[in-house]
file work.cif (mmCIF, C-alpha atoms)
data_target
#
loop_
_atom_site.group_PDB
_atom_site.id
_atom_site.type_symbol
_atom_site.label_atom_id
_atom_site.label_comp_id
_atom_site.auth_asym_id
_atom_site.auth_seq_id
_atom_site.Cartn_x
_atom_site.Cartn_y
_atom_site.Cartn_z
ATOM 1 C CA MET A 1 -11.133 -48.453 28.294
ATOM 2 C CA LYS A 2 -8.935 -45.608 29.505
ATOM 3 C CA LYS A 3 -6.353 -46.429 26.845
ATOM 4 C CA SER A 4 -8.915 -46.302 24.079
ATOM 5 C CA LEU A 5 -10.298 -43.014 25.428
ATOM 6 C CA VAL A 6 -6.807 -41.482 25.518
ATOM 7 C CA LEU A 7 -6.051 -42.754 22.000
ATOM 8 C CA PHE A 8 -9.384 -41.431 20.728
ATOM 9 C CA THR A 9 -8.712 -38.013 22.313
ATOM 10 C CA LEU A 10 -5.214 -37.849 20.820
ATOM 11 C CA PHE A 11 -6.515 -39.005 17.424
ATOM 12 C CA PHE A 12 -9.369 -36.452 17.495
ATOM 13 C CA SER A 13 -7.114 -33.544 18.585
ATOM 14 C CA PHE A 14 -4.555 -34.435 15.888
ATOM 15 C CA PHE A 15 -7.127 -34.273 13.075
ATOM 16 C CA THR A 16 -8.795 -31.103 14.380
ATOM 17 C CA SER A 17 -5.414 -29.350 14.467
ATOM 18 C CA ILE A 18 -4.778 -30.429 10.873
ATOM 19 C CA SER A 19 -8.182 -29.211 9.709
ATOM 20 C CA ILE A 20 -7.754 -25.864 11.511
ATOM 21 C CA ALA A 21 -4.308 -25.394 9.967
ATOM 22 C CA SER A 22 -5.640 -26.074 6.468
ATOM 23 C CA ASN A 23 -8.428 -23.461 6.817
ATOM 24 C CA GLU A 24 -6.005 -20.508 6.852
ATOM 25 C CA PRO A 25 -6.956 -17.630 4.533
ATOM 26 C CA ALA A 26 -5.318 -17.706 1.089
ATOM 27 C CA GLU A 27 -3.589 -14.339 1.516
ATOM 28 C CA GLU A 28 -1.682 -15.634 4.532
ATOM 29 C CA LYS A 29 -0.202 -18.487 2.534
ATOM 30 C CA GLN A 30 3.056 -17.488 0.945
ATOM 31 C CA GLN A 31 4.034 -18.418 -2.544
ATOM 32 C CA ASP A 32 6.898 -20.884 -2.606
ATOM 33 C CA VAL A 33 9.934 -19.121 -4.038
ATOM 34 C CA ASP A 34 13.154 -20.884 -4.795
ATOM 35 C CA ASN A 35 15.581 -19.354 -2.302
ATOM 36 C CA SER A 36 18.543 -20.261 -4.509
ATOM 37 C CA ILE A 37 17.492 -17.539 -6.975
ATOM 38 C CA ILE A 38 18.860 -14.132 -6.101
ATOM 39 C CA ILE A 39 16.229 -11.523 -6.822
ATOM 40 C CA ASP A 40 18.019 -8.522 -8.270
ATOM 41 C CA ARG A 41 16.757 -5.009 -7.811
ATOM 42 C CA ILE A 42 16.168 -2.999 -10.966
ATOM 43 C CA SER A 43 19.029 -0.559 -11.483
ATOM 44 C CA ASN A 44 20.230 1.865 -14.160
ATOM 45 C CA ASP A 45 22.519 -0.833 -15.596
ATOM 46 C CA ASP A 46 19.576 -3.185 -16.231
ATOM 47 C CA VAL A 47 17.390 -0.862 -18.316
ATOM 48 C CA ASN A 48 17.606 1.328 -21.434
ATOM 49 C CA ILE A 49 15.088 4.190 -21.717
ATOM 50 C CA ASN A 50 14.475 5.890 -25.082
ATOM 51 C CA ILE A 51 12.243 8.869 -25.828
ATOM 52 C CA SER A 52 10.910 9.315 -29.353
ATOM 53 C CA SER A 53 12.327 12.284 -31.189
ATOM 54 C CA PRO A 54 11.325 15.005 -32.009
ATOM 55 C CA VAL A 55 8.927 15.761 -29.160
ATOM 56 C CA PHE A 56 6.029 18.150 -29.776
ATOM 57 C CA SER A 57 3.922 19.737 -27.054
ATOM 58 C CA PHE A 58 0.636 18.945 -28.836
ATOM 59 C CA THR A 59 1.180 15.171 -29.218
ATOM 60 C CA ASP A 60 2.069 12.275 -26.972
ATOM 61 C CA ALA A 61 5.662 11.101 -27.006
ATOM 62 C CA GLU A 62 6.384 7.398 -26.827
ATOM 63 C CA ILE A 63 8.795 6.339 -24.113
ATOM 64 C CA LYS A 64 10.303 2.866 -24.523
ATOM 65 C CA ILE A 65 11.795 0.885 -21.663
ATOM 66 C CA LYS A 66 13.873 -2.173 -22.492
ATOM 67 C CA PHE A 67 15.552 -4.578 -20.098
ATOM 68 C CA ASN A 68 19.047 -5.658 -21.149
ATOM 69 C CA ASN A 69 18.168 -9.127 -19.877
ATOM 70 C CA PRO A 70 14.566 -10.033 -20.838
ATOM 71 C CA GLU A 71 14.630 -12.731 -18.150
ATOM 72 C CA HIS A 72 15.517 -10.397 -15.285
ATOM 73 C CA THR A 73 14.592 -12.044 -11.986
ATOM 74 C CA LYS A 74 12.303 -9.147 -11.016
ATOM 75 C CA LEU A 75 10.315 -9.614 -14.235
ATOM 76 C CA LEU A 76 10.045 -13.344 -13.651
ATOM 77 C CA LEU A 77 8.899 -12.907 -10.067
ATOM 78 C CA ASN A 78 6.320 -10.178 -10.898
ATOM 79 C CA LYS A 79 4.948 -11.966 -13.989
ATOM 80 C CA ASN A 80 6.386 -9.327 -16.374
ATOM 81 C CA THR A 81 4.776 -6.330 -14.659
ATOM 82 C CA VAL A 82 6.661 -3.473 -13.034
ATOM 83 C CA GLU A 83 5.209 -0.481 -11.219
ATOM 84 C CA LEU A 84 7.086 2.717 -12.083
ATOM 85 C CA ILE A 85 6.793 6.229 -10.720
ATOM 86 C CA VAL A 86 6.664 8.632 -13.670
ATOM 87 C CA ASN A 87 6.735 12.323 -12.691
ATOM 88 C CA GLY A 88 5.283 11.444 -9.302
ATOM 89 C CA GLU A 89 2.449 9.255 -10.630
ATOM 90 C CA SER A 90 2.323 5.479 -10.372
ATOM 91 C CA LYS A 91 2.214 3.588 -13.675
ATOM 92 C CA VAL A 92 2.097 -0.193 -14.090
ATOM 93 C CA LEU A 93 3.751 -1.521 -17.251
ATOM 94 C CA ASN A 94 3.438 -4.997 -18.748
ATOM 95 C CA PHE A 95 6.666 -6.133 -20.360
ATOM 96 C CA VAL A 96 6.784 -8.412 -23.396
ATOM 97 C CA ASN A 97 10.199 -9.929 -24.101
ATOM 98 C CA GLY A 98 11.709 -7.382 -21.716
ATOM 99 C CA GLU A 99 10.221 -4.379 -23.550
ATOM 100 C CA ALA A 100 7.401 -1.975 -22.701
ATOM 101 C CA SER A 101 6.339 1.487 -23.771
ATOM 102 C CA PHE A 102 3.944 4.180 -22.693
ATOM 103 C CA LYS A 103 2.757 7.564 -23.930
ATOM 104 C CA HIS A 104 3.535 10.825 -22.133
ATOM 105 C CA ARG A 105 2.538 14.357 -23.067
ATOM 106 C CA PHE A 106 5.044 17.149 -22.461
ATOM 107 C CA ASP A 107 2.550 20.028 -22.554
ATOM 108 C CA LYS A 108 3.123 21.382 -19.023
ATOM 109 C CA SER A 109 6.734 20.468 -18.393
ATOM 110 C CA ASN A 110 9.667 19.417 -20.523
ATOM 111 C CA HIS A 111 11.134 17.232 -17.797
ATOM 112 C CA ILE A 112 10.564 13.529 -17.163
ATOM 113 C CA SER A 113 11.645 11.425 -14.213
ATOM 114 C CA ILE A 114 11.196 7.669 -13.834
ATOM 115 C CA TYR A 115 11.890 5.838 -10.587
ATOM 116 C CA VAL A 116 11.651 2.211 -9.489
ATOM 117 C CA GLU A 117 13.798 0.520 -6.861
ATOM 118 C CA ASP A 118 17.436 1.435 -7.683
ATOM 119 C CA LEU A 119 16.577 2.891 -11.102
ATOM 120 C CA SER A 120 16.439 6.657 -11.352
ATOM 121 C CA PHE A 121 16.068 8.313 -14.748
ATOM 122 C CA SER A 122 15.708 12.039 -15.155
ATOM 123 C CA LYS A 123 15.903 13.929 -18.423
ATOM 124 C CA HIS A 124 15.273 17.421 -19.704
ATOM 125 C CA VAL A 125 13.602 17.043 -23.125
ATOM 126 C CA THR A 126 13.527 19.627 -25.913
ATOM 127 C CA VAL A 127 9.835 20.116 -26.637
ATOM 128 C CA TYR A 128 8.772 21.932 -29.782
ATOM 129 C CA PRO A 129 5.529 23.964 -29.667
ATOM 130 C CA LEU A 130 2.982 23.972 -32.502
ATOM 131 C CA TRP A 131 4.127 27.335 -33.864
ATOM 132 C CA ALA A 132 7.631 25.938 -34.421
ATOM 133 C CA LEU A 133 6.090 23.590 -36.965
ATOM 134 C CA ILE A 134 3.602 25.996 -38.562
ATOM 135 C CA ILE A 135 5.863 29.040 -39.108
ATOM 136 C CA PRO A 136 8.457 27.342 -41.368
ATOM 137 C CA ILE A 137 5.691 25.770 -43.458
ATOM 138 C CA ALA A 138 3.925 29.136 -43.730
ATOM 139 C CA VAL A 139 7.161 30.882 -44.791
ATOM 140 C CA ILE A 140 7.786 28.287 -47.510
ATOM 141 C CA LEU A 141 4.177 28.592 -48.762
ATOM 142 C CA LEU A 142 4.397 32.396 -48.825
ATOM 143 C CA TYR A 143 7.661 32.198 -50.754
ATOM 144 C CA PHE A 144 6.100 29.953 -53.419
ATOM 145 C CA ILE A 145 2.983 32.119 -53.657
ATOM 146 C CA LYS A 146 5.153 35.237 -54.088
ATOM 147 C CA ARG A 147 7.223 33.501 -56.802
ATOM 148 C CA MET A 148 4.057 32.467 -58.629
ATOM 149 C CA ILE A 149 2.621 35.986 -58.512
ATOM 150 C CA THR A 150 5.854 37.728 -59.624
ATOM 151 C CA LYS A 151 6.421 35.314 -62.546
ATOM 152 C CA LYS A 152 3.188 36.353 -64.261
#
call {"tool": "encode", "arguments": {"input": "work.cif", "output": "structure tokens"}}
result
Amino acid sequence: MKKSLVLFTLFFSFFTSISIASNEPAEEKQQDVDNSIIIDRISNDDVNINISSPVFSFTDAEIKIKFNNPEHTKLLLNKNTVELIVNGESKVLNFVNGEASFKHRFDKSNHISIYVEDLSFSKHVTVYPLWALIIPIAVILLYFIKRMITKK
């Protein structure tokens, strides 16, 4: 009788410990990651950043970010999303085949800085205001109007 009571107690405590262990919250469970994969940090050598040219202050410029290796381990681990800091603001980009782009307006400043992990990109961009586009067109139109009037 004592043996069966001891066995029952051991059996009961074993299954209660298993059921308690399986009721852990989902956020405490870690995702299984293959430890043989070395997760590289994103650096300046891994990424090319291009800014569309010319850049006008009254329109958005497209900034393209392209990974040299579209299967970079950081992209694979984060499901092709990377959070960048662009001019002090957080921006999450979704990469497709190692490429992503976003729009940025250079109306207040002609400087852009992009940071993430070991990547630091900073560039001073030549931004053309609206009058730099209108004045040459107006001069050409005035020239043609003057030529038309003087020919008569």
call {"tool": "residues_around", "arguments": {"input": "work.cif", "residues": "Asn50 in chain A", "least_positions_apart": "4", "cutoff": "10 Å", "atoms": "only C-alpha atoms", "output": "ChimeraX atom specification"}}
result
/A:62-66,101
call {"tool": "write_last_selection", "arguments": {"input": "work.cif", "atoms": "C-alpha atoms", "output": "compact mmCIF listing (two decimals), in the frame of the given file"}}
result
# COMPACT_ATOMS: atom_id res chain seq x y z
CA GLU A 62 6.38 7.40 -26.83
CA ILE A 63 8.80 6.34 -24.11
CA LYS A 64 10.30 2.87 -24.52
CA ILE A 65 11.80 0.88 -21.66
CA LYS A 66 13.87 -2.17 -22.49
CA SER A 101 6.34 1.49 -23.77
call {"tool": "atom_distance", "arguments": {"input": "work.cif", "atom1": "CA of Gly98 in chain A", "atom2": "CA of Asp45 in chain A"}}
result
14.0 Å
call {"tool": "residues_near_point", "arguments": {"input": "work.cif", "point": "(5.9, 16.5, -26.5)", "cutoff": "7 Å", "atoms": "only C-alpha atoms", "output": "ChimeraX atom specification"}}
result
/A:55-61,105-107,127-128
call {"tool": "closest_residue", "arguments": {"input": "work.cif", "among": "A:Ile112, A:Phe144, A:Lys79, A:Val86", "to": "Val125 in chain A", "atoms": "all atoms listed in the file"}}
result
A:Ile112
call {"tool": "resolve_selection", "arguments": {"input": "work.cif", "expression": "the PyMOL selection byres ((chain A and resi 118) around 9)", "output": "mmCIF file with C-alpha atoms, in the frame of the given file"}}
result
data_model
loop_
_atom_site.group_PDB
_atom_site.id
_atom_site.type_symbol
_atom_site.label_atom_id
_atom_site.label_comp_id
_atom_site.auth_asym_id
_atom_site.auth_seq_id
_atom_site.Cartn_x
_atom_site.Cartn_y
_atom_site.Cartn_z
ATOM 1 C CA ARG A 41 16.757 -5.009 -7.811
ATOM 2 C CA ILE A 42 16.168 -2.999 -10.966
ATOM 3 C CA SER A 43 19.029 -0.559 -11.483
ATOM 4 C CA ASN A 44 20.230 1.865 -14.160
ATOM 5 C CA TYR A 115 11.890 5.838 -10.587
ATOM 6 C CA VAL A 116 11.651 2.211 -9.489
ATOM 7 C CA GLU A 117 13.798 0.520 -6.861
ATOM 8 C CA LEU A 119 16.577 2.891 -11.102
ATOM 9 C CA SER A 120 16.439 6.657 -11.352
#
call {"tool": "decode", "arguments": {"input": "work.cif", "residues": "range 106-141 of chain A", "atoms": "N, CA and C atoms", "output": "mmCIF file, in the first residue's frame"}}
result
data_model
loop_
_atom_site.group_PDB
_atom_site.id
_atom_site.type_symbol
_atom_site.label_atom_id
_atom_site.label_comp_id
_atom_site.auth_asym_id
_atom_site.auth_seq_id
_atom_site.Cartn_x
_atom_site.Cartn_y
_atom_site.Cartn_z
ATOM 1 N N PHE A 106 13.776 66.769 -48.894
ATOM 2 C CA PHE A 106 14.887 67.607 -48.465
ATOM 3 C C PHE A 106 14.467 69.075 -48.426
ATOM 4 N N ASP A 107 13.345 69.395 -47.826
ATOM 5 C CA ASP A 107 12.891 70.786 -47.808
ATOM 6 C C ASP A 107 13.500 71.595 -46.667
ATOM 7 N N LYS A 108 13.828 70.962 -45.549
ATOM 8 C CA LYS A 108 14.387 71.695 -44.406
ATOM 9 C C LYS A 108 15.903 71.599 -44.346
ATOM 10 N N SER A 109 16.430 70.484 -44.746
ATOM 11 C CA SER A 109 17.871 70.253 -44.655
ATOM 12 C C SER A 109 18.337 69.522 -45.904
ATOM 13 N N ASN A 110 19.567 69.760 -46.299
ATOM 14 C CA ASN A 110 20.101 69.042 -47.448
ATOM 15 C C ASN A 110 21.120 67.989 -47.007
ATOM 16 N N HIS A 111 20.895 67.436 -45.845
ATOM 17 C CA HIS A 111 21.760 66.422 -45.270
ATOM 18 C C HIS A 111 20.923 65.200 -44.920
ATOM 19 N N ILE A 112 21.459 64.011 -45.180
ATOM 20 C CA ILE A 112 20.784 62.782 -44.781
ATOM 21 C C ILE A 112 21.783 61.880 -44.071
ATOM 22 N N SER A 113 21.312 61.244 -43.014
ATOM 23 C CA SER A 113 22.129 60.271 -42.294
ATOM 24 C C SER A 113 21.287 59.036 -42.032
ATOM 25 N N ILE A 114 21.881 57.876 -42.270
ATOM 26 C CA ILE A 114 21.209 56.588 -42.083
ATOM 27 C C ILE A 114 22.111 55.737 -41.204
ATOM 28 N N TYR A 115 21.533 55.206 -40.134
ATOM 29 C CA TYR A 115 22.283 54.368 -39.203
ATOM 30 C C TYR A 115 21.517 53.091 -38.900
ATOM 31 N N VAL A 116 22.246 51.987 -38.824
ATOM 32 C CA VAL A 116 21.737 50.713 -38.330
ATOM 33 C C VAL A 116 22.954 49.838 -38.028
ATOM 34 N N GLU A 117 23.009 49.346 -36.827
ATOM 35 C CA GLU A 117 24.106 48.501 -36.364
ATOM 36 C C GLU A 117 25.462 49.127 -36.699
ATOM 37 N N ASP A 118 26.264 48.476 -37.561
ATOM 38 C CA ASP A 118 27.587 49.004 -37.905
ATOM 39 C C ASP A 118 27.563 49.861 -39.165
ATOM 40 N N LEU A 119 26.399 50.076 -39.741
ATOM 41 C CA LEU A 119 26.262 50.894 -40.942
ATOM 42 C C LEU A 119 26.046 52.342 -40.547
ATOM 43 N N SER A 120 26.862 53.216 -41.096
ATOM 44 C CA SER A 120 26.643 54.651 -40.897
ATOM 45 C C SER A 120 26.849 55.334 -42.244
ATOM 46 N N PHE A 121 25.796 55.979 -42.725
ATOM 47 C CA PHE A 121 25.823 56.671 -44.006
ATOM 48 C C PHE A 121 25.422 58.109 -43.751
ATOM 49 N N SER A 122 26.236 59.019 -44.219
ATOM 50 C CA SER A 122 25.950 60.434 -44.067
ATOM 51 C C SER A 122 26.351 61.125 -45.357
ATOM 52 N N LYS A 123 25.442 61.942 -45.893
ATOM 53 C CA LYS A 123 25.740 62.596 -47.160
ATOM 54 C C LYS A 123 25.109 63.977 -47.202
ATOM 55 N N HIS A 124 25.855 64.901 -47.773
ATOM 56 C CA HIS A 124 25.388 66.251 -48.028
ATOM 57 C C HIS A 124 24.900 66.274 -49.474
ATOM 58 N N VAL A 125 23.614 66.533 -49.694
ATOM 59 C CA VAL A 125 23.001 66.439 -51.012
ATOM 60 C C VAL A 125 22.777 67.844 -51.573
ATOM 61 N N THR A 126 23.037 68.008 -52.868
ATOM 62 C CA THR A 126 22.735 69.274 -53.531
ATOM 63 C C THR A 126 21.250 69.289 -53.855
ATOM 64 N N VAL A 127 20.538 70.217 -53.222
ATOM 65 C CA VAL A 127 19.089 70.316 -53.385
ATOM 66 C C VAL A 127 18.782 71.583 -54.157
ATOM 67 N N TYR A 128 18.035 71.425 -55.249
ATOM 68 C CA TYR A 128 17.678 72.560 -56.086
ATOM 69 C C TYR A 128 16.304 73.087 -55.697
ATOM 70 N N PRO A 129 16.182 74.402 -55.450
ATOM 71 C CA PRO A 129 14.875 74.981 -55.117
ATOM 72 C C PRO A 129 14.023 75.144 -56.377
ATOM 73 N N LEU A 130 12.767 75.474 -56.206
ATOM 74 C CA LEU A 130 11.821 75.607 -57.311
ATOM 75 C C LEU A 130 12.254 76.700 -58.290
ATOM 76 N N TRP A 131 12.763 77.816 -57.773
ATOM 77 C CA TRP A 131 13.149 78.908 -58.659
ATOM 78 C C TRP A 131 14.289 78.517 -59.593
ATOM 79 N N ALA A 132 15.121 77.566 -59.207
ATOM 80 C CA ALA A 132 16.208 77.123 -60.071
ATOM 81 C C ALA A 132 15.682 76.380 -61.294
ATOM 82 N N LEU A 133 14.471 75.919 -61.233
ATOM 83 C CA LEU A 133 13.834 75.264 -62.367
ATOM 84 C C LEU A 133 13.012 76.254 -63.191
ATOM 85 N N ILE A 134 12.363 77.185 -62.521
ATOM 86 C CA ILE A 134 11.458 78.123 -63.205
ATOM 87 C C ILE A 134 12.218 79.206 -63.964
ATOM 88 N N ILE A 135 13.268 79.755 -63.399
ATOM 89 C CA ILE A 135 13.986 80.882 -64.028
ATOM 90 C C ILE A 135 14.576 80.510 -65.395
ATOM 91 N N PRO A 136 15.266 79.402 -65.568
ATOM 92 C CA PRO A 136 15.765 79.089 -66.917
ATOM 93 C C PRO A 136 14.638 78.902 -67.945
ATOM 94 N N ILE A 137 13.555 78.284 -67.528
ATOM 95 C CA ILE A 137 12.419 78.112 -68.445
ATOM 96 C C ILE A 137 11.832 79.476 -68.811
ATOM 97 N N ALA A 138 11.706 80.356 -67.832
ATOM 98 C CA ALA A 138 11.162 81.692 -68.089
ATOM 99 C C ALA A 138 12.086 82.490 -69.017
ATOM 100 N N VAL A 139 13.383 82.383 -68.853
ATOM 101 C CA VAL A 139 14.329 83.092 -69.717
ATOM 102 C C VAL A 139 14.213 82.581 -71.151
ATOM 103 N N ILE A 140 14.115 81.289 -71.332
ATOM 104 C CA ILE A 140 13.974 80.720 -72.678
ATOM 105 C C ILE A 140 12.658 81.169 -73.314
ATOM 106 N N LEU A 141 11.561 81.162 -72.557
ATOM 107 C CA LEU A 141 10.270 81.622 -73.077
ATOM 108 C C LEU A 141 10.322 83.101 -73.457
#
